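Structure file run08.cif; described as mmCIF, C-alpha atoms.
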```cif
data_final
loop_
_atom_site.group_PDB
_atom_site.id
_atom_site.type_symbol
_atom_site.label_atom_id
_atom_site.label_comp_id
_atom_site.auth_asym_id
_atom_site.auth_seq_id
_atom_site.Cartn_x
_atom_site.Cartn_y
_atom_site.Cartn_z
ATOM 1 C CA MET A 50 72.351 -34.464 71.029
ATOM 2 C CA GLU A 51 70.001 -36.412 73.250
ATOM 3 C CA PRO A 52 71.273 -39.713 74.668
ATOM 4 C CA THR A 53 69.457 -42.946 74.022
ATOM 5 C CA ASP A 54 67.139 -44.115 76.754
ATOM 6 C CA GLU A 55 68.903 -45.847 79.648
ATOM 7 C CA LYS A 56 65.917 -47.981 80.678
ATOM 8 C CA PRO A 57 64.085 -49.120 77.560
ATOM 9 C CA PHE A 58 60.353 -49.640 77.620
ATOM 10 C CA ASP A 59 59.018 -53.096 76.797
ATOM 11 C CA GLU A 60 57.786 -52.333 73.305
ATOM 12 C CA VAL A 61 57.557 -56.010 72.366
ATOM 13 C CA GLY A 62 55.496 -56.912 75.429
ATOM 14 C CA GLU A 63 53.172 -53.953 74.919
ATOM 15 C CA PHE A 64 52.675 -54.872 71.260
ATOM 16 C CA VAL A 65 51.932 -58.523 72.048
ATOM 17 C CA ALA A 66 49.424 -57.620 74.766
ATOM 18 C CA THR A 67 47.643 -55.283 72.351
ATOM 19 C CA LEU A 68 47.669 -57.825 69.538
ATOM 20 C CA LEU A 69 46.100 -60.471 71.766
ATOM 21 C CA ALA A 70 43.153 -58.139 72.320
ATOM 22 C CA THR A 71 42.763 -57.290 68.604
ATOM 23 C CA PRO A 72 40.597 -59.420 66.254
ATOM 24 C CA ALA A 73 42.207 -60.449 62.976
ATOM 25 C CA HIS A 74 39.623 -58.642 60.828
ATOM 26 C CA ARG A 75 39.856 -55.254 62.569
ATOM 27 C CA LEU A 76 41.096 -52.435 60.374
ATOM 28 C CA THR A 77 44.257 -50.683 61.561
ATOM 29 C CA ASN A 78 45.787 -47.256 61.166
ATOM 30 C CA CYS A 79 47.905 -48.664 58.337
ATOM 31 C CA ALA A 80 45.619 -47.676 55.468
ATOM 32 C CA GLY A 81 43.860 -50.690 54.004
ATOM 33 C CA TRP A 82 45.420 -53.208 56.384
ATOM 34 C CA THR A 83 43.605 -55.441 58.812
ATOM 35 C CA ALA A 84 45.317 -56.690 61.972
ATOM 36 C CA HIS A 85 45.977 -59.958 60.134
ATOM 37 C CA GLU A 86 47.798 -58.166 57.328
ATOM 38 C CA LEU A 87 49.822 -56.135 59.808
ATOM 39 C CA VAL A 88 50.910 -59.332 61.576
ATOM 40 C CA ALA A 89 51.883 -60.799 58.197
ATOM 41 C CA HIS A 90 54.044 -57.728 57.600
ATOM 42 C CA MET A 91 55.788 -58.152 60.937
ATOM 43 C CA ALA A 92 56.235 -61.919 60.635
ATOM 44 C CA GLY A 93 57.610 -61.560 57.111
ATOM 45 C CA GLY A 94 59.947 -58.793 58.236
ATOM 46 C CA ALA A 95 61.296 -60.772 61.194
ATOM 47 C CA ALA A 96 61.842 -63.812 58.982
ATOM 48 C CA GLU A 97 63.630 -61.753 56.334
ATOM 49 C CA GLU A 98 65.922 -60.131 58.902
ATOM 50 C CA ALA A 99 66.742 -63.518 60.437
ATOM 51 C CA ASP A 100 67.412 -65.031 56.995
ATOM 52 C CA LEU A 101 69.695 -62.146 56.019
ATOM 53 C CA ILE A 102 71.687 -62.402 59.229
ATOM 54 C CA GLU A 103 72.027 -66.183 58.865
ATOM 55 C CA ALA A 104 73.200 -65.766 55.262
ATOM 56 C CA HIS A 105 75.668 -63.077 56.334
ATOM 57 C CA LEU A 106 77.117 -65.258 59.092
ATOM 58 C CA ALA A 107 77.443 -68.141 56.636
ATOM 59 C CA GLY A 108 79.393 -65.924 54.226
ATOM 60 C CA ARG A 109 76.604 -65.882 51.622
ATOM 61 C CA PRO A 110 75.047 -62.399 51.869
ATOM 62 C CA ARG A 111 72.139 -61.569 49.590
ATOM 63 C CA ALA A 112 69.889 -58.613 48.821
ATOM 64 C CA THR A 113 66.773 -57.868 50.852
ATOM 65 C CA ARG A 114 63.573 -59.177 49.300
ATOM 66 C CA PRO A 115 60.828 -56.546 48.888
ATOM 67 C CA PHE A 116 57.580 -56.620 50.858
ATOM 68 C CA GLU A 117 55.598 -57.960 47.919
ATOM 69 C CA GLU A 118 57.777 -61.073 47.771
ATOM 70 C CA ARG A 119 58.004 -61.944 51.452
ATOM 71 C CA GLU A 120 54.532 -61.134 52.835
ATOM 72 C CA PRO A 121 51.900 -62.930 50.651
ATOM 73 C CA ALA A 122 52.688 -66.387 52.054
ATOM 74 C CA TYR A 123 52.128 -65.101 55.573
ATOM 75 C CA ARG A 124 48.881 -63.332 54.667
ATOM 76 C CA ALA A 125 47.545 -66.625 53.310
ATOM 77 C CA LEU A 126 47.933 -68.385 56.661
ATOM 78 C CA PRO A 127 44.986 -68.831 59.045
ATOM 79 C CA ASP A 128 45.218 -66.127 61.680
ATOM 80 C CA ALA A 129 46.024 -68.406 64.624
ATOM 81 C CA GLU A 130 48.831 -70.023 62.636
ATOM 82 C CA LEU A 131 50.089 -66.644 61.484
ATOM 83 C CA ARG A 132 50.339 -65.366 65.043
ATOM 84 C CA ASP A 133 52.257 -68.509 66.023
ATOM 85 C CA ARG A 134 54.628 -67.867 63.111
ATOM 86 C CA LEU A 135 55.205 -64.301 64.293
ATOM 87 C CA VAL A 136 56.296 -65.619 67.691
ATOM 88 C CA GLU A 137 58.467 -68.259 66.014
ATOM 89 C CA GLU A 138 60.182 -65.824 63.645
ATOM 90 C CA ALA A 139 60.686 -63.235 66.386
ATOM 91 C CA GLY A 140 62.355 -65.898 68.527
ATOM 92 C CA ARG A 141 64.568 -66.957 65.628
ATOM 93 C CA LEU A 142 65.537 -63.337 65.021
ATOM 94 C CA ALA A 143 66.490 -62.879 68.683
ATOM 95 C CA SER A 144 68.657 -65.989 68.482
ATOM 96 C CA VAL A 145 70.563 -64.955 65.351
ATOM 97 C CA LEU A 146 70.995 -61.409 66.693
ATOM 98 C CA ALA A 147 72.815 -62.869 69.684
ATOM 99 C CA LYS A 148 75.064 -64.767 67.277
ATOM 100 C CA LEU A 149 75.677 -61.638 65.201
ATOM 101 C CA GLU A 150 76.613 -59.631 68.279
ATOM 102 C CA ALA A 151 78.982 -62.357 69.496
ATOM 103 C CA ASP A 152 80.490 -62.852 66.039
ATOM 104 C CA GLY A 153 81.669 -59.255 65.707
ATOM 105 C CA THR A 154 81.527 -59.311 61.888
ATOM 106 C CA ASP A 155 80.710 -56.400 59.605
ATOM 107 C CA PRO A 156 77.156 -55.024 59.687
ATOM 108 C CA VAL A 157 74.410 -56.749 57.700
ATOM 109 C CA GLN A 158 72.811 -54.984 54.728
ATOM 110 C CA PHE A 159 69.055 -54.627 55.201
ATOM 111 C CA THR A 160 66.975 -52.575 52.749
ATOM 112 C CA GLY A 161 69.991 -50.459 51.821
ATOM 113 C CA ARG A 162 71.253 -49.860 55.353
ATOM 114 C CA ALA A 163 74.252 -51.481 57.058
ATOM 115 C CA MET A 164 72.915 -52.674 60.427
ATOM 116 C CA THR A 165 74.566 -54.020 63.562
ATOM 117 C CA ALA A 166 72.869 -56.267 66.099
ATOM 118 C CA ALA A 167 72.023 -53.163 68.135
ATOM 119 C CA ASP A 168 70.494 -51.510 65.043
ATOM 120 C CA PHE A 169 68.265 -54.525 64.414
ATOM 121 C CA ALA A 170 67.194 -54.577 68.060
ATOM 122 C CA MET A 171 66.279 -50.883 67.933
ATOM 123 C CA HIS A 172 64.417 -51.452 64.669
ATOM 124 C CA SER A 173 62.332 -54.150 66.367
ATOM 125 C CA ARG A 174 61.532 -51.788 69.237
ATOM 126 C CA SER A 175 60.473 -49.114 66.774
ATOM 127 C CA GLU A 176 58.326 -51.503 64.728
ATOM 128 C CA CYS A 177 56.508 -52.716 67.841
ATOM 129 C CA ALA A 178 55.860 -49.177 69.126
ATOM 130 C CA LEU A 179 54.581 -47.912 65.773
ATOM 131 C CA HIS A 180 52.483 -50.948 64.933
ATOM 132 C CA ARG A 181 50.982 -51.014 68.421
ATOM 133 C CA TRP A 182 49.623 -47.551 67.654
ATOM 134 C CA ASP A 183 48.394 -48.862 64.317
ATOM 135 C CA LEU A 184 46.381 -51.444 66.239
ATOM 136 C CA ALA A 185 45.186 -49.467 69.249
ATOM 137 C CA GLY A 186 45.495 -45.790 68.479
ATOM 138 C CA ARG A 187 46.445 -43.413 71.270
ATOM 139 C CA ASP A 188 46.608 -44.478 74.896
ATOM 140 C CA ASP A 189 48.946 -43.609 77.764
ATOM 141 C CA ALA A 190 51.253 -46.614 77.364
ATOM 142 C CA GLY A 191 51.600 -46.268 73.620
ATOM 143 C CA TRP A 192 52.121 -42.520 73.774
ATOM 144 C CA ALA A 193 54.992 -42.982 76.225
ATOM 145 C CA LEU A 194 56.589 -45.540 73.900
ATOM 146 C CA LEU A 195 56.348 -43.265 70.873
ATOM 147 C CA GLY A 196 57.758 -40.259 72.733
ATOM 148 C CA GLN A 197 61.156 -41.852 73.398
ATOM 149 C CA PRO A 198 64.003 -39.794 71.876
ATOM 150 C CA CYS A 199 65.834 -42.941 70.792
ATOM 151 C CA LEU A 200 62.976 -43.899 68.470
ATOM 152 C CA THR A 201 63.078 -40.492 66.788
ATOM 153 C CA ALA A 202 66.847 -40.776 66.318
ATOM 154 C CA HIS A 203 66.347 -44.243 64.850
ATOM 155 C CA ALA A 204 63.640 -42.981 62.506
ATOM 156 C CA LEU A 205 65.895 -40.280 61.089
ATOM 157 C CA THR A 206 68.597 -42.817 60.297
ATOM 158 C CA VAL A 207 66.204 -45.310 58.725
ATOM 159 C CA LEU A 208 64.314 -42.705 56.712
ATOM 160 C CA ALA A 209 67.588 -41.318 55.383
ATOM 161 C CA GLN A 210 69.128 -44.637 54.407
ATOM 162 C CA MET A 211 66.298 -47.023 53.466
ATOM 163 C CA SER A 212 65.407 -45.263 50.228
ATOM 164 C CA THR A 213 62.882 -47.883 49.073
ATOM 165 C CA LEU A 214 60.488 -47.162 51.950
ATOM 166 C CA PRO A 215 57.458 -45.129 50.789
ATOM 167 C CA GLU A 216 57.466 -43.342 54.171
ATOM 168 C CA THR A 217 60.748 -41.548 53.531
ATOM 169 C CA PRO A 218 60.355 -37.772 53.233
ATOM 170 C CA ALA A 219 62.228 -37.883 49.916
ATOM 171 C CA ASN A 220 59.608 -40.238 48.462
ATOM 172 C CA ARG A 221 56.683 -38.383 50.019
ATOM 173 C CA LEU A 222 58.023 -35.070 48.738
ATOM 174 C CA ALA A 223 58.756 -36.301 45.218
ATOM 175 C CA GLY A 224 57.411 -33.753 42.778
ATOM 176 C CA TYR A 225 57.626 -30.895 45.280
ATOM 177 C CA LEU A 226 61.401 -30.560 45.350
ATOM 178 C CA GLY A 227 62.401 -27.650 43.145
ATOM 179 C CA ALA A 228 65.502 -25.503 43.219
ATOM 180 C CA PRO A 229 64.786 -23.327 46.301
ATOM 181 C CA THR A 230 66.405 -24.315 49.574
ATOM 182 C CA VAL A 231 64.084 -25.246 52.433
ATOM 183 C CA ARG A 232 64.989 -25.600 56.095
ATOM 184 C CA ALA A 233 62.024 -26.621 58.247
ATOM 185 C CA ILE A 234 62.325 -27.184 61.994
ATOM 186 C CA ILE A 235 59.927 -29.743 63.456
ATOM 187 C CA ARG A 236 59.939 -29.020 67.193
ATOM 188 C CA SER A 237 58.890 -31.112 70.171
ATOM 189 C CA ALA A 238 60.287 -29.209 73.138
ATOM 190 C CA PRO A 239 62.190 -29.967 75.289
ATOM 191 C CA HIS A 240 63.631 -32.595 72.935
ATOM 192 C CA ASP A 241 66.114 -31.893 70.142
ATOM 193 C CA ASP A 242 64.701 -30.362 66.985
ATOM 194 C CA VAL A 243 64.203 -32.441 63.873
ATOM 195 C CA VAL A 244 65.469 -30.330 60.972
ATOM 196 C CA LEU A 245 64.300 -31.155 57.467
ATOM 197 C CA THR A 246 66.450 -29.591 54.767
ATOM 198 C CA VAL A 247 65.883 -29.584 51.027
ATOM 199 C CA VAL A 248 68.773 -28.423 48.841
ATOM 200 C CA ALA A 249 68.605 -28.842 45.056
ATOM 201 C CA GLY A 250 66.081 -31.643 45.421
ATOM 202 C CA ALA A 251 68.036 -33.592 48.050
ATOM 203 C CA VAL A 252 66.264 -34.174 51.368
ATOM 204 C CA THR A 253 68.076 -34.595 54.672
ATOM 205 C CA LEU A 254 66.822 -35.067 58.235
ATOM 206 C CA ALA A 255 68.929 -34.279 61.283
ATOM 207 C CA LEU A 256 68.661 -33.810 65.028
ATOM 208 C CA GLU A 257 69.892 -30.458 66.323
ATOM 209 C CA PRO A 258 69.768 -28.951 69.818
ATOM 210 C CA ILE A 259 66.676 -26.841 70.331
ATOM 211 C CA SER A 260 67.416 -23.223 69.430
ATOM 212 C CA ASP A 261 65.861 -19.767 69.167
ATOM 213 C CA ALA A 262 65.094 -20.345 65.488
ATOM 214 C CA PRO A 263 61.344 -20.431 64.796
ATOM 215 C CA PRO A 264 59.857 -23.842 64.036
ATOM 216 C CA ALA A 265 57.835 -24.717 60.967
ATOM 217 C CA LEU A 266 55.821 -27.168 63.053
ATOM 218 C CA GLU A 267 55.456 -27.735 66.781
ATOM 219 C CA LEU A 268 53.878 -30.840 68.239
ATOM 220 C CA ASP A 269 54.233 -33.546 70.880
ATOM 221 C CA ALA A 270 57.248 -35.884 70.567
ATOM 222 C CA ALA A 271 55.061 -38.953 70.044
ATOM 223 C CA ALA A 272 53.002 -37.180 67.377
ATOM 224 C CA ARG A 273 56.232 -36.067 65.707
ATOM 225 C CA LEU A 274 57.476 -39.634 65.450
ATOM 226 C CA LEU A 275 54.204 -40.691 63.853
ATOM 227 C CA LEU A 276 54.418 -37.772 61.421
ATOM 228 C CA LEU A 277 57.918 -38.772 60.366
ATOM 229 C CA TRP A 278 56.578 -42.237 59.563
ATOM 230 C CA GLY A 279 53.674 -40.874 57.524
ATOM 231 C CA ARG A 280 51.035 -41.175 60.254
ATOM 232 C CA ARG A 281 48.766 -38.726 62.084
ATOM 233 C CA GLU A 282 47.181 -38.972 65.528
ATOM 234 C CA PRO A 283 43.869 -37.065 65.317
ATOM 235 C CA SER A 284 43.881 -36.150 69.017
ATOM 236 C CA ALA A 285 47.350 -34.557 68.931
ATOM 237 C CA PRO A 286 47.392 -30.852 68.006
ATOM 238 C CA ILE A 287 49.957 -29.540 65.524
ATOM 239 C CA ASP A 288 50.891 -25.859 65.480
ATOM 240 C CA VAL A 289 51.930 -24.752 62.001
ATOM 241 C CA TYR A 290 54.103 -21.643 61.640
ATOM 242 C CA ALA A 291 55.687 -22.253 58.242
ATOM 243 C CA THR A 292 55.276 -19.722 55.455
ATOM 244 C CA GLY A 293 56.225 -19.596 51.791
ATOM 245 C CA ARG A 294 58.102 -22.546 50.340
ATOM 246 C CA ASP A 295 58.473 -24.082 53.804
ATOM 247 C CA ALA A 296 54.678 -24.128 54.112
ATOM 248 C CA GLU A 297 54.369 -26.009 50.814
ATOM 249 C CA ILE A 298 56.778 -28.693 52.007
ATOM 250 C CA VAL A 299 55.146 -28.919 55.417
ATOM 251 C CA SER A 300 51.709 -29.328 53.860
ATOM 252 C CA VAL A 301 52.900 -32.489 52.124
ATOM 253 C CA LEU A 302 54.149 -33.956 55.400
ATOM 254 C CA LEU A 303 50.799 -33.174 57.011
ATOM 255 C CA GLU A 304 48.951 -35.222 54.405
ATOM 256 C CA ALA A 305 49.708 -38.352 56.433
#
```

Here is the file; what I need is its structure written in the form of structure tokens.
Amino acid sequence: MEPTDEKPFDEVGEFVATLLATPAHRLTNCAGWTAHELVAHMAGGAAEEADLIEAHLAGRPRATRPFEEREPAYRALPDAELRDRLVEEAGRLASVLAKLEADGTDPVQFTGRAMTAADFAMHSRSECALHRWDLAGRDDAGWALLGQPCLTAHALTVLAQMSTLPETPANRLAGYLGAPTVRAIIRSAPHDDVVLTVVAGAVTLALEPISDAPPALELDAAARLLLLWGRREPSAPIDVYATGRDAEIVSVLLEA
């Protein structure tokens, strides 16, 4: 399997620079969301993660609140205040992550996944890379961020374990999962293959070394990451080779 990147990109810095150049009212690639609503999502998420970690360290763990509970208060803020809150909550999250790493306690439950300090840090990197694309679309800097193998590996873990996310393949494929077994290779050479398997209605995603087996889809690594998260970059070509039942499953993924 591919190693994680040794020299991480500055996803946070790239996101912030892009956000500063984006008006609050501009529509994003998150369907129906303006930049303001996207920032509310990120501020609410950072606050929730920080709250959960603080509760865990205090010995009072609780369940993760859903988006619809934690984001409305942030959406209601004036945009300048909201952006200040995003910086504030991101700083608080960084501080409690340092405490979590030093504490060495059990992982923290977040949206159904047990996460270490390193997991939360990678999740923040992924959020910034994806939401930067939501704001700006494709450019050289963003495409390099999205093409990192570590973000694909992170996506597979999150999409397998955070079952409440609408982006998970299991949720996107609901209603299409009959008895036949499907094994669809999503290839972005020279990186490891992403293999989507459906067996008796259960969906799994895994990284496997690239092989001689024919792919169902072939596309750029950055475009593949977006596809996994339910997004499509119009400028990135996708070669489709799937047939039969595989083609039916693949067509659902391509509806992003």

Give me, as a tab-separated table, each residue of segment 89-185 of chain A that comes within 8 Å of segment 202-205 of chain A, together with its shortest interatomic pair and the distance in Å at one decimal, counting all atoms listed in the file, with rows ordered by chain and rising residue number.
```
residue	atom	partner	partner_atom	distance
A:Met171	CA	A:His203	CA	7.3
A:His172	CA	A:His203	CA	7.5
A:Ser175	CA	A:His203	CA	7.9
```

If the PyMOL selection byres ((chain A and resi 134) around 12) were run on this exact file, what residues would it hold? Put them as a ChimeraX atom specification. /A:88-96,122-124,126-133,135-142

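Using only C-alpha atoms, the residues found no farther than 10 Å from Glu63 of chain A, other than those of its own chain fewer than 4 positions away, are Phe58, Asp59, Thr67, Leu68, Cys177, Ala178, Arg181, Ala190, Gly191 and Leu194 of chain A.
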
Protein and nucleic acid residues near (68.9, -52.0, 48.0) (cut-off 12 Å, only C-alpha atoms) as JSON, numbers by chain: {"A": [111, 112, 113, 114, 115, 158, 159, 160, 161, 162, 163, 210, 211, 212, 213, 214]}

Near segment 273-288 of chain A, within 7 Å and counting all atoms listed in the file, which residues show up once chain neighbours fewer than 4 positions away are dropped, as a count of residues only? 8

Output of the PyMOL selection byres ((chain A and resi 265) around 7), listed as a CSV table (one decimal) with C-alpha atoms, in the coordinates of the input:
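This is the output file part_36.csv:
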```csv
chain,number,residue,atom,x,y,z
A,233,ALA,CA,62.0,-26.6,58.2
A,234,ILE,CA,62.3,-27.2,62.0
A,235,ILE,CA,59.9,-29.7,63.5
A,263,PRO,CA,61.3,-20.4,64.8
A,264,PRO,CA,59.9,-23.8,64.0
A,266,LEU,CA,55.8,-27.2,63.1
A,267,GLU,CA,55.5,-27.7,66.8
A,289,VAL,CA,51.9,-24.8,62.0
A,290,TYR,CA,54.1,-21.6,61.6
A,291,ALA,CA,55.7,-22.3,58.2
```

Just how far from atom CA of Leu179 of chain A is atom CA of Cys79 of chain A, in Å to one decimal?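 So the two atoms, atom CA of Cys79 of chain A and atom CA of Leu179 of chain A, lie 10.0 Å apart.
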
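Evaluated on this file, the PyMOL selection byres ((chain A and resi 260) around 12) matches A:Ile234, A:Ile235, A:Arg236, A:Ser237, A:Ala238, A:Pro239, A:His240, A:Asp241, A:Asp242, A:Val243, A:Val244, A:Leu256, A:Glu257, A:Pro258, A:Ile259, A:Asp261, A:Ala262, A:Pro263, A:Pro264.
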
Enclosing box along x, y and z for every listed atom of segment 283-292 of chain A, padded 6 Å each side, centre and size in Å, one decimal, as lines of an AutoDock Vina configuration file:
```
center_x = 49.8
center_y = -28.4
center_z = 62.2
size_x = 23.8
size_y = 29.3
size_z = 25.6
```
